[in-house]
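The file work-v8.cif comes next; it holds mmCIF, N, CA and C atoms.
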```cif
data_coords
#
loop_
_atom_site.label_atom_id
_atom_site.label_comp_id
_atom_site.auth_asym_id
_atom_site.auth_seq_id
_atom_site.Cartn_x
_atom_site.Cartn_y
_atom_site.Cartn_z
N MET A 23 43.95 13.44 -1.21
CA MET A 23 44.49 12.29 -1.93
C MET A 23 43.42 11.65 -2.79
N ALA A 24 43.82 11.20 -3.92
CA ALA A 24 42.90 10.48 -4.80
C ALA A 24 42.68 9.08 -4.23
N TYR A 25 41.60 8.44 -4.68
CA TYR A 25 41.29 7.09 -4.19
C TYR A 25 42.47 6.15 -4.36
N HIS A 26 43.06 6.14 -5.55
CA HIS A 26 44.17 5.22 -5.83
C HIS A 26 45.33 5.46 -4.86
N GLN A 27 45.65 6.73 -4.62
CA GLN A 27 46.74 7.05 -3.70
C GLN A 27 46.39 6.59 -2.29
N ASP A 28 45.15 6.85 -1.86
CA ASP A 28 44.71 6.40 -0.53
C ASP A 28 44.83 4.89 -0.42
N HIS A 29 44.37 4.20 -1.45
CA HIS A 29 44.38 2.74 -1.44
C HIS A 29 45.82 2.23 -1.30
N GLU A 30 46.73 2.79 -2.04
CA GLU A 30 48.13 2.37 -1.96
C GLU A 30 48.71 2.69 -0.60
N TYR A 31 48.35 3.83 -0.04
CA TYR A 31 48.84 4.19 1.29
C TYR A 31 48.37 3.18 2.33
N PHE A 32 47.08 2.87 2.31
CA PHE A 32 46.54 1.92 3.29
C PHE A 32 47.14 0.53 3.11
N LYS A 33 47.37 0.14 1.86
CA LYS A 33 47.96 -1.18 1.60
C LYS A 33 49.33 -1.29 2.27
N SER A 34 50.05 -0.18 2.36
CA SER A 34 51.37 -0.24 2.98
C SER A 34 51.29 -0.21 4.50
N LYS A 35 50.18 0.17 5.08
CA LYS A 35 50.04 0.33 6.53
C LYS A 35 49.20 -0.74 7.22
N ILE A 36 48.40 -1.46 6.45
CA ILE A 36 47.44 -2.41 7.02
C ILE A 36 47.82 -3.82 6.60
N PRO A 37 47.65 -4.78 7.51
CA PRO A 37 47.96 -6.18 7.14
C PRO A 37 47.14 -6.63 5.93
N TYR A 38 47.73 -7.50 5.13
CA TYR A 38 47.09 -7.98 3.91
C TYR A 38 45.71 -8.58 4.19
N SER A 39 45.58 -9.34 5.27
CA SER A 39 44.29 -9.98 5.57
C SER A 39 43.20 -8.94 5.80
N ALA A 40 43.53 -7.82 6.42
CA ALA A 40 42.54 -6.77 6.65
C ALA A 40 42.13 -6.13 5.32
N ILE A 41 43.08 -5.95 4.43
CA ILE A 41 42.77 -5.38 3.12
C ILE A 41 41.89 -6.34 2.33
N GLU A 42 42.22 -7.62 2.39
CA GLU A 42 41.41 -8.62 1.69
C GLU A 42 39.99 -8.63 2.24
N ASN A 43 39.84 -8.56 3.57
CA ASN A 43 38.51 -8.52 4.19
C ASN A 43 37.75 -7.26 3.77
N ALA A 44 38.45 -6.13 3.71
CA ALA A 44 37.80 -4.88 3.30
C ALA A 44 37.31 -4.97 1.86
N GLU A 45 38.11 -5.59 1.00
CA GLU A 45 37.70 -5.74 -0.40
C GLU A 45 36.48 -6.64 -0.52
N LYS A 46 36.45 -7.74 0.25
CA LYS A 46 35.29 -8.64 0.23
C LYS A 46 34.05 -7.93 0.78
N ALA A 47 34.24 -7.17 1.87
CA ALA A 47 33.11 -6.45 2.47
C ALA A 47 32.56 -5.41 1.50
N THR A 48 33.45 -4.73 0.79
CA THR A 48 33.02 -3.73 -0.18
C THR A 48 32.18 -4.38 -1.28
N ALA A 49 32.63 -5.52 -1.77
CA ALA A 49 31.88 -6.23 -2.82
C ALA A 49 30.52 -6.68 -2.31
N THR A 50 30.47 -7.16 -1.07
CA THR A 50 29.20 -7.59 -0.48
C THR A 50 28.25 -6.41 -0.32
N LEU A 51 28.75 -5.31 0.21
CA LEU A 51 27.90 -4.13 0.41
C LEU A 51 27.41 -3.57 -0.92
N LYS A 52 28.24 -3.63 -1.94
CA LYS A 52 27.80 -3.19 -3.27
C LYS A 52 26.67 -4.08 -3.78
N ALA A 53 26.79 -5.38 -3.56
CA ALA A 53 25.77 -6.32 -4.03
C ALA A 53 24.44 -6.09 -3.33
N VAL A 54 24.47 -5.73 -2.06
CA VAL A 54 23.21 -5.55 -1.32
C VAL A 54 22.69 -4.12 -1.39
N SER A 55 23.41 -3.25 -2.10
CA SER A 55 22.99 -1.85 -2.17
C SER A 55 21.84 -1.60 -3.15
N ASN A 56 21.45 -2.62 -3.89
CA ASN A 56 20.32 -2.50 -4.82
C ASN A 56 19.04 -2.96 -4.12
N TYR A 57 18.01 -2.14 -4.22
CA TYR A 57 16.74 -2.40 -3.52
C TYR A 57 16.17 -3.79 -3.82
N GLU A 58 16.07 -4.16 -5.08
CA GLU A 58 15.48 -5.46 -5.44
C GLU A 58 16.37 -6.62 -5.00
N ARG A 59 17.68 -6.48 -5.14
CA ARG A 59 18.58 -7.55 -4.68
C ARG A 59 18.45 -7.73 -3.17
N LEU A 60 18.33 -6.63 -2.46
CA LEU A 60 18.19 -6.72 -1.00
C LEU A 60 16.87 -7.39 -0.63
N LEU A 61 15.79 -7.06 -1.33
CA LEU A 61 14.51 -7.72 -1.07
C LEU A 61 14.60 -9.22 -1.32
N ILE A 62 15.29 -9.61 -2.37
CA ILE A 62 15.48 -11.04 -2.67
C ILE A 62 16.24 -11.70 -1.53
N LEU A 63 17.29 -11.04 -1.05
CA LEU A 63 18.06 -11.60 0.06
C LEU A 63 17.21 -11.69 1.33
N PHE A 64 16.35 -10.69 1.56
CA PHE A 64 15.42 -10.77 2.71
C PHE A 64 14.56 -12.03 2.59
N SER A 65 14.05 -12.26 1.40
CA SER A 65 13.20 -13.43 1.18
C SER A 65 13.98 -14.72 1.40
N LEU A 66 15.20 -14.78 0.88
CA LEU A 66 16.02 -15.99 1.01
C LEU A 66 16.53 -16.19 2.44
N ALA A 67 16.61 -15.12 3.22
CA ALA A 67 17.04 -15.25 4.61
C ALA A 67 16.03 -16.08 5.41
N GLU A 68 14.79 -16.13 4.91
CA GLU A 68 13.75 -16.93 5.56
C GLU A 68 13.84 -18.40 5.17
N GLY A 69 14.59 -18.70 4.11
CA GLY A 69 14.75 -20.08 3.67
C GLY A 69 14.84 -20.20 2.17
N GLU A 70 15.20 -21.37 1.73
CA GLU A 70 15.40 -21.69 0.32
C GLU A 70 14.10 -21.48 -0.47
N LYS A 71 14.24 -20.90 -1.67
CA LYS A 71 13.08 -20.67 -2.53
C LYS A 71 13.49 -20.79 -3.99
N TYR A 72 12.49 -21.03 -4.86
CA TYR A 72 12.74 -20.98 -6.29
C TYR A 72 12.18 -19.68 -6.85
N VAL A 73 12.52 -19.35 -8.07
CA VAL A 73 12.22 -18.04 -8.65
C VAL A 73 10.74 -17.67 -8.55
N THR A 74 9.86 -18.59 -8.87
CA THR A 74 8.43 -18.29 -8.83
C THR A 74 7.99 -17.89 -7.42
N GLN A 75 8.48 -18.57 -6.42
CA GLN A 75 8.14 -18.23 -5.04
C GLN A 75 8.60 -16.83 -4.67
N ILE A 76 9.82 -16.50 -5.07
CA ILE A 76 10.36 -15.16 -4.78
C ILE A 76 9.55 -14.11 -5.54
N SER A 77 9.27 -14.38 -6.81
CA SER A 77 8.52 -13.45 -7.66
C SER A 77 7.14 -13.16 -7.09
N GLU A 78 6.44 -14.20 -6.69
CA GLU A 78 5.09 -14.02 -6.14
C GLU A 78 5.13 -13.28 -4.81
N ARG A 79 6.09 -13.61 -3.99
CA ARG A 79 6.18 -12.97 -2.67
C ARG A 79 6.49 -11.48 -2.79
N LEU A 80 7.42 -11.14 -3.70
CA LEU A 80 7.86 -9.75 -3.83
C LEU A 80 7.07 -8.96 -4.88
N GLU A 81 6.23 -9.67 -5.65
CA GLU A 81 5.46 -9.05 -6.73
C GLU A 81 6.38 -8.34 -7.72
N ILE A 82 7.43 -9.06 -8.11
CA ILE A 82 8.39 -8.61 -9.12
C ILE A 82 8.42 -9.68 -10.19
N LYS A 83 8.48 -9.27 -11.45
CA LYS A 83 8.48 -10.23 -12.56
C LYS A 83 9.64 -11.21 -12.43
N GLN A 84 9.36 -12.45 -12.86
CA GLN A 84 10.36 -13.52 -12.77
C GLN A 84 11.65 -13.17 -13.50
N ALA A 85 11.55 -12.53 -14.65
CA ALA A 85 12.75 -12.17 -15.41
C ALA A 85 13.66 -11.25 -14.61
N ARG A 86 13.07 -10.30 -13.90
CA ARG A 86 13.86 -9.37 -13.07
C ARG A 86 14.48 -10.12 -11.90
N ILE A 87 13.72 -11.02 -11.30
CA ILE A 87 14.25 -11.82 -10.19
C ILE A 87 15.44 -12.63 -10.68
N SER A 88 15.30 -13.25 -11.83
CA SER A 88 16.38 -14.06 -12.39
C SER A 88 17.63 -13.22 -12.64
N GLN A 89 17.45 -12.01 -13.17
CA GLN A 89 18.60 -11.13 -13.41
C GLN A 89 19.31 -10.80 -12.10
N ARG A 90 18.52 -10.48 -11.10
CA ARG A 90 19.12 -10.11 -9.80
C ARG A 90 19.81 -11.32 -9.16
N LEU A 91 19.23 -12.50 -9.33
CA LEU A 91 19.84 -13.71 -8.77
C LEU A 91 21.17 -14.04 -9.45
N ILE A 92 21.26 -13.78 -10.75
CA ILE A 92 22.53 -14.00 -11.45
C ILE A 92 23.62 -13.13 -10.83
N PHE A 93 23.30 -11.88 -10.57
CA PHE A 93 24.26 -10.97 -9.96
C PHE A 93 24.64 -11.45 -8.55
N LEU A 94 23.65 -11.82 -7.75
CA LEU A 94 23.90 -12.26 -6.38
C LEU A 94 24.71 -13.56 -6.36
N LYS A 95 24.44 -14.42 -7.30
CA LYS A 95 25.20 -15.68 -7.39
C LYS A 95 26.65 -15.39 -7.76
N ALA A 96 26.86 -14.51 -8.72
CA ALA A 96 28.23 -14.14 -9.12
C ALA A 96 28.99 -13.49 -7.97
N ALA A 97 28.26 -12.78 -7.11
CA ALA A 97 28.88 -12.13 -5.95
C ALA A 97 29.13 -13.12 -4.81
N GLY A 98 28.64 -14.35 -4.98
CA GLY A 98 28.83 -15.37 -3.96
C GLY A 98 27.87 -15.29 -2.79
N LEU A 99 26.79 -14.53 -2.96
CA LEU A 99 25.83 -14.36 -1.87
C LEU A 99 24.70 -15.38 -1.88
N VAL A 100 24.45 -15.98 -3.03
CA VAL A 100 23.43 -17.02 -3.12
C VAL A 100 23.98 -18.23 -3.84
N ARG A 101 23.35 -19.36 -3.56
CA ARG A 101 23.71 -20.63 -4.21
C ARG A 101 22.46 -21.14 -4.92
N ALA A 102 22.68 -21.73 -6.07
CA ALA A 102 21.59 -22.33 -6.84
C ALA A 102 21.75 -23.84 -6.81
N GLN A 103 20.62 -24.54 -6.61
CA GLN A 103 20.66 -26.00 -6.59
C GLN A 103 19.43 -26.53 -7.34
N ARG A 104 19.69 -27.28 -8.40
CA ARG A 104 18.60 -27.83 -9.20
C ARG A 104 18.00 -29.04 -8.49
N GLN A 105 16.67 -29.03 -8.41
CA GLN A 105 15.92 -30.16 -7.88
C GLN A 105 14.78 -30.44 -8.86
N GLY A 106 14.97 -31.44 -9.69
CA GLY A 106 13.99 -31.72 -10.73
C GLY A 106 13.99 -30.62 -11.76
N THR A 107 12.82 -30.02 -11.98
CA THR A 107 12.71 -28.96 -12.98
C THR A 107 12.91 -27.57 -12.39
N LYS A 108 13.07 -27.48 -11.09
CA LYS A 108 13.20 -26.17 -10.43
C LYS A 108 14.62 -25.96 -9.92
N VAL A 109 15.00 -24.69 -9.90
CA VAL A 109 16.29 -24.31 -9.31
C VAL A 109 15.99 -23.55 -8.03
N TYR A 110 16.46 -24.08 -6.93
CA TYR A 110 16.25 -23.46 -5.63
C TYR A 110 17.45 -22.59 -5.28
N TYR A 111 17.16 -21.43 -4.70
CA TYR A 111 18.21 -20.49 -4.31
C TYR A 111 18.21 -20.38 -2.80
N SER A 112 19.41 -20.21 -2.27
CA SER A 112 19.57 -20.05 -0.82
C SER A 112 20.79 -19.19 -0.55
N ILE A 113 20.92 -18.77 0.69
CA ILE A 113 22.10 -18.05 1.14
C ILE A 113 22.99 -19.08 1.82
N PRO A 114 24.12 -19.43 1.21
CA PRO A 114 24.93 -20.53 1.73
C PRO A 114 25.81 -20.16 2.93
N ASP A 115 26.09 -18.89 3.10
CA ASP A 115 27.00 -18.44 4.15
C ASP A 115 26.18 -17.95 5.35
N GLU A 116 26.35 -18.60 6.47
CA GLU A 116 25.59 -18.25 7.68
C GLU A 116 25.87 -16.82 8.12
N LYS A 117 27.10 -16.35 7.96
CA LYS A 117 27.42 -14.96 8.34
C LYS A 117 26.63 -13.98 7.49
N ILE A 118 26.53 -14.25 6.20
CA ILE A 118 25.75 -13.37 5.31
C ILE A 118 24.27 -13.43 5.68
N ARG A 119 23.77 -14.63 5.95
CA ARG A 119 22.35 -14.76 6.33
C ARG A 119 22.06 -13.95 7.60
N ARG A 120 22.93 -14.04 8.59
CA ARG A 120 22.74 -13.28 9.83
C ARG A 120 22.83 -11.77 9.58
N PHE A 121 23.77 -11.37 8.71
CA PHE A 121 23.89 -9.96 8.34
C PHE A 121 22.59 -9.46 7.72
N ILE A 122 22.07 -10.22 6.78
CA ILE A 122 20.82 -9.84 6.10
C ILE A 122 19.66 -9.77 7.11
N GLN A 123 19.59 -10.74 8.01
CA GLN A 123 18.54 -10.71 9.03
C GLN A 123 18.69 -9.49 9.92
N GLY A 124 19.92 -9.12 10.24
CA GLY A 124 20.16 -7.91 11.03
C GLY A 124 19.70 -6.66 10.31
N VAL A 125 19.96 -6.60 9.02
CA VAL A 125 19.51 -5.46 8.21
C VAL A 125 17.98 -5.42 8.17
N MET A 126 17.35 -6.58 8.09
CA MET A 126 15.88 -6.67 8.06
C MET A 126 15.27 -6.10 9.33
N GLU A 127 15.97 -6.22 10.45
CA GLU A 127 15.45 -5.80 11.74
C GLU A 127 15.68 -4.32 12.03
N THR A 128 16.52 -3.65 11.22
CA THR A 128 16.81 -2.23 11.47
C THR A 128 15.65 -1.38 11.00
N ARG A 129 15.60 -0.19 11.52
CA ARG A 129 14.51 0.71 11.17
C ARG A 129 14.97 1.76 10.22
#
```

In structure tokens, what does this structure look like?
Amino acid sequence: MAYHQDHEYFKSKIPYSAIENAEKATATLKAVSNYERLLILFSLAEGEKYVTQISERLEIKQARISQRLIFLKAAGLVRAQRQGTKVYYSIPDEKIRRFIQGVMETR
């Protein structure tokens, strides 16, 4: 079966809430499947940081960090909060933070 056919088949057999959860999980896993985005999430799992702090810690240029943060923010995995001249980023969802910490601990 093609993906579309499989998807339609499962939609008819599985409760809507399970399908919705699977779609959200797929989007989350896609967002964390990039090496640099995952490193940023590892850094943010330790606590709120601004771009310069993340850049220095990971030794990745600020422009690249900013690009990755835009993607993570759009995916709903990070929150941005302006404090004066700096924008602080954090992981607002405790479940996501625990997931990221669990991934950090795997070998």

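Between CA of Pro37 in chain A and atom N of Lys52 in chain A there is a distance of 21.9 Å.
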
*From the set A:Ala53, A:Gly124, A:Arg119, A:Asn43, which residue has the shortest atom-to-atom contact distance to Leu66 in chain A, counting only N, CA and C atoms?*
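Answer, going by the shortest atom-to-atom distance: A:Arg119.
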
*So which residues of range 51-122 of chain A fall under strand (DSSP E) by DSSP, listed as a ChimeraX atom specification?*
/A:71-72,101-105,108-112

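Run against this file, the PyMOL selection byres ((chain A and resi 112) around 5) gives back Glu70, Val100, Arg101, Tyr110, Tyr111, Ile113 and Pro114 of chain A.
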
*Length of the CA of Val54 in chain A to atom N of Arg120 in chain A vector [Å]*: 13.1 Å

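If only C-alpha atoms are the atoms counted, then among A:Asn56, A:Gln123, A:Ser77, A:Thr128 the closest residue to Leu94 in chain A is A:Asn56.
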
*asked:* Please report the interatomic distance between atom C of Lys95 in chain A and atom N of Ile41 in chain A in Å with one decimal.
replied: 22.5 Å

_Residue contacts of Ser65 in chain A (12 Å, only C-alpha atoms) excluding same-chain residues fewer than 2 positions away, as a PyMOL selection string_ = chain A and resi 58-63+67-73+75-81+87+91+100+111-113+119+122-123+126

*List every residue of range 32-106 of chain A that DSSP, applied to the backbone of this structure, places in alpha helix (DSSP H), and write the result as JSON, numbers by chain.*
{"A": [32, 33, 34, 35, 38, 39, 40, 41, 42, 43, 44, 45, 46, 47, 48, 49, 50, 51, 52, 53, 54, 57, 58, 59, 60, 61, 62, 63, 64, 65, 66, 67, 73, 74, 75, 76, 77, 78, 79, 80, 84, 85, 86, 87, 88, 89, 90, 91, 92, 93, 94, 95, 96]}

*Residue with smallest distance to Val109 in chain A - pool A:Ala40, A:Thr74, A:Ser55, A:Glu45, counting all atoms listed in the file*: A:Thr74
